[in-house]
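Working notes, structure below.
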Amino acid sequence: MTSNAPRSRSIKSYPAAAVALAATTALLAGCGSSSDGSKSSDPLQGGKSDGKTVVVGSNNFAESILLADIYGEALKAKGVKVTYKPNIGSRETTYGLLKNGSITVLPEYNGALLAYLDPKAAPKTVEATTAAIEAKLDSKLTLLDPASAQDKDSVTLNKATADKYKLTSDSSIADLKDIAKDLVIGASPEFQTRQQGLVGLKSVYGLEFKGFKALDAGGPLTQAALKKNTVQAADLFTTDPTITKEKHVVLQDPKNLFGFENVQPLVYKSGLSSDGVSALNAVSAKLDTKTLLDLDTQVQEGKDPLDVAKTWLKSAGIG
């Protein structure tokens with residue numbers, strides 16, 4: 001992946017994801033709990049796992065916390081003892097805690113993790129992305145199976161525009177070739193000059209838009225402009241709950257212009273049993289983008305992410 005890597009899972013921070021899941025301050029304060037129900041006020045407190053307890057960590061945004069709860073509860077269903085360290089912080093911190101065994105499992109995004117480990121890598125498939133990460137990972141760590149669920153940049157249309165041109169969630173970015181000239185697209189300012197932006201939309205899909213409106217990185221400005229039809233298309237993140245709320249239409253990206261951002265467990269090898277591996281791989285086999293979007297939406301609407309995790313796992317037959 002090049003320096004034009006998607007912003008949705010940036011190396012240093014996660015502002016867009018946090019904005020997209022606004023109203024989560026209370027959740028970020030400590031929605032994860034230990035196996036006995038207690039909550040940790042300091043995600044960095046405590047030492048290494050005792051070898052019998054799996055420590056599930058999460059980064060400091062709501063979707064990561066939700067995914068950590070899903071992983072932890074799936075492990076508990078297999079009889080694994082679990083504690084949580086939620087809301088830790090950025091990748092620089094969590095990667096170090098994984099290497100020294102302080103946390104055992106972390107929800108990751110394959111494209112962003114690879115960009116952190118090898119900024120020059122540009123794999124063409126999910127499998128190649130995993131292989132490239134494994135080649136750079138610390139020897140004490142490993143990746144489990146990736147989910148089909150992705151949280152990445154997209155070209156998203158508002159409902160009125162999608163209806164006007166008879167486009168659906170099965171439609172492709174390529175379907176805009178003859179109509180992009182009538183559309184204004186909104187995104188962060190850098191989207192205008194990035195390969196994973198207007199440059200790539202022209203070179204890869206042949207799109208030339210009527211205009212571009214500089215807004216923010218998938219945040220409230222972009223969301224509001226798309227809702228008000230100030231822009232007809234926008235770069236939103238694929239698990240942004242406003243997509244469901246406003247009935248926006250995310251177009252398919254068959255040529256993978258926006259790369260890969262599959263949800264994938266990163267694991268401290270010696271801290272997880274084969275039963276634990278099987279439990280997390282079962283999660284990945286069931287978790288797709290539509291499901292993750294729905295779960296994120298429930299959390300944004302005020303449901304406890306732990307409850308959301310438990311309910312979904314039970315419905316998926318793995319809880």
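Each chain of the structure tokens is named A, B, ... in the order shown, its residues numbered from 1; ligands are numbered from 1 in display order.
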
Within 6 Å of stretch 275-292 of chain A: each stretch 121-158 of chain A residue with its shortest pair, only C-alpha atoms, as JSON lines:
```
{"residue": "A:Asp145", "atom": "CA", "partner": "A:Asn281", "partner_atom": "CA", "distance": 5.5}
{"residue": "A:Pro146", "atom": "CA", "partner": "A:Ser284", "partner_atom": "CA", "distance": 5.8}
{"residue": "A:Ala147", "atom": "CA", "partner": "A:Ser284", "partner_atom": "CA", "distance": 4.1}
{"residue": "A:Ser148", "atom": "CA", "partner": "A:Asp288", "partner_atom": "CA", "distance": 4.9}
{"residue": "A:Ala149", "atom": "CA", "partner": "A:Thr289", "partner_atom": "CA", "distance": 3.8}
{"residue": "A:Gln150", "atom": "CA", "partner": "A:Thr289", "partner_atom": "CA", "distance": 5.5}
```

For this session: Find the spatial neighbours of A:Leu215, counting only C-alpha atoms, within a cut-off of 7 Å - ignore same-chain residues fewer than 3 positions away - and output them as number ranges by chain.
Result: A: 186-189, 221-222

Exercise. With distances taken over only C-alpha atoms, which of A:Leu272, A:Ala77, A:Ile65, A:Ile243 is nearest to A:Lys314?
Worked result: A:Ala77

Exercise. For A:Leu176, which residue out of A:Phe191, A:Asp253, A:Asn229, A:Ala131 is the nearest one, using only C-alpha atoms?
Worked result: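 Distance minimum relative to A:Leu176 lands on A:Asp253.
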
Exercise. Can you list, as a ChimeraX atom specification, every protein, DNA or RNA residue that comes within 9 Å of A:Val80 when you count only C-alpha atoms, leaving out same-chain residues fewer than 3 positions away?
Worked result: /A:52-54,72,74-77,273,275-276

Exercise. Which neighbours of stretch 95-109 of chain A fall inside 8 Å, counting only C-alpha atoms, when residues of the same chain fewer than 5 positions from it are skipped, and could you give them as an MDAnalysis selection string?
Worked result: chainID A and resid 9 46:49 54:58 64 67:68 85 138 140:141 150:151 261:269 271:272

Write out the residues from the selection above, keeping C-alpha atoms, as an mmCIF file, in the first residue's frame.
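New file again.cif:
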```cif
data_model
loop_
_atom_site.group_PDB
_atom_site.id
_atom_site.type_symbol
_atom_site.label_atom_id
_atom_site.label_comp_id
_atom_site.auth_asym_id
_atom_site.auth_seq_id
_atom_site.Cartn_x
_atom_site.Cartn_y
_atom_site.Cartn_z
ATOM 1 C CA ARG A 9 -7.696 3.391 9.614
ATOM 2 C CA GLY A 46 -1.781 -4.703 34.604
ATOM 3 C CA GLY A 47 1.004 -6.856 33.267
ATOM 4 C CA LYS A 48 1.170 -9.712 30.820
ATOM 5 C CA SER A 49 -1.457 -12.389 30.488
ATOM 6 C CA VAL A 54 -6.851 -14.181 26.963
ATOM 7 C CA VAL A 55 -6.598 -10.393 27.065
ATOM 8 C CA VAL A 56 -8.663 -8.775 24.300
ATOM 9 C CA GLY A 57 -7.658 -5.203 23.528
ATOM 10 C CA SER A 58 -9.177 -2.479 21.383
ATOM 11 C CA SER A 64 -12.844 -1.402 17.590
ATOM 12 C CA LEU A 67 -15.250 -5.892 17.596
ATOM 13 C CA ALA A 68 -13.239 -6.625 20.742
ATOM 14 C CA LYS A 85 -8.419 -3.800 27.823
ATOM 15 C CA ASP A 138 6.997 -9.694 14.739
ATOM 16 C CA LYS A 140 5.583 -13.663 18.201
ATOM 17 C CA LEU A 141 2.461 -12.473 16.360
ATOM 18 C CA GLN A 150 -14.423 -3.903 5.541
ATOM 19 C CA ASP A 151 -14.413 -0.355 6.901
ATOM 20 C CA GLU A 261 -9.508 -2.832 4.948
ATOM 21 C CA ASN A 262 -10.790 -6.219 6.086
ATOM 22 C CA VAL A 263 -11.379 -6.774 9.775
ATOM 23 C CA GLN A 264 -8.813 -9.348 10.906
ATOM 24 C CA PRO A 265 -7.708 -10.596 14.356
ATOM 25 C CA LEU A 266 -4.075 -9.946 15.260
ATOM 26 C CA VAL A 267 -2.897 -12.429 17.864
ATOM 27 C CA TYR A 268 -0.024 -13.071 20.267
ATOM 28 C CA LYS A 269 0.669 -16.670 19.179
ATOM 29 C CA GLY A 271 -1.465 -16.777 24.263
ATOM 30 C CA LEU A 272 -4.282 -18.368 22.258
#
```

For this session: Excluding stretch 198-212 of chain A and residues on its chain fewer than 6 positions from it, collect all residues at most 12 Å away from it, counting only C-alpha atoms, and give them as a ChimeraX atom specification.
Result: /A:4,154-155,172-192,222,225,230-235,252-259

For this session: Give the strand (DSSP E) residues of stretch 47-154 of chain A, as DSSP finds them on the backbone, and put them as a ChimeraX atom specification.
Result: /A:53-57,81-85,105-109,141-143

Problem set entry | DSSP helix (DSSP H, G or I) residues within stretch 159-280 of chain A, listed as JSON, numbers by chain | {"A": [159, 160, 161, 162, 163, 164, 173, 174, 175, 176, 180, 181, 182, 189, 190, 191, 192, 195, 196, 197, 198, 199, 200, 201, 202, 203, 204, 205, 220, 221, 222, 223, 224, 225, 226, 227, 242, 243, 244, 245, 246, 269, 270, 271, 274, 275, 276, 277, 278, 279, 280]}

Exercise. Taking only C-alpha atoms into account, which of A:Leu157, A:Ala115, A:Gln298, A:Leu226 comes nearest A:His248?
Worked result: A:Leu157

Problem set entry | Given only C-alpha atoms as the counted atoms, nearest of A:Val299, A:Val308, A:Leu114, A:Ala122 to A:Glu134 | A:Leu114

For this session: Would you kindly return, as a ChimeraX atom specification, each protein, DNA or RNA residue with an atom no farther than 9 Å from any atom of stretch 303-307 of chain A, considering only C-alpha atoms and excluding same-chain residues fewer than 3 positions away?
Result: /A:27,31-33,62-63,65-67,69-70,73,295-296,298-300,310-312

For this session: Tell me, as a list in words, which residues lie within 10 Å of A:Glu246, counting only C-alpha atoms; anything in the same chain fewer than 4 positions away does not count.
Result: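 So the residues in contact are Asn158, Lys159, Gln223, Leu226, Lys227, Pro241 and Thr242 of chain A.
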
Exercise. Could you state the separation of atom CA of A:Gly219 and atom CA of A:Asp240 in Å, given to one decimal place?
Worked result: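 Rounded to one decimal, the two atoms are 9.2 Å apart.
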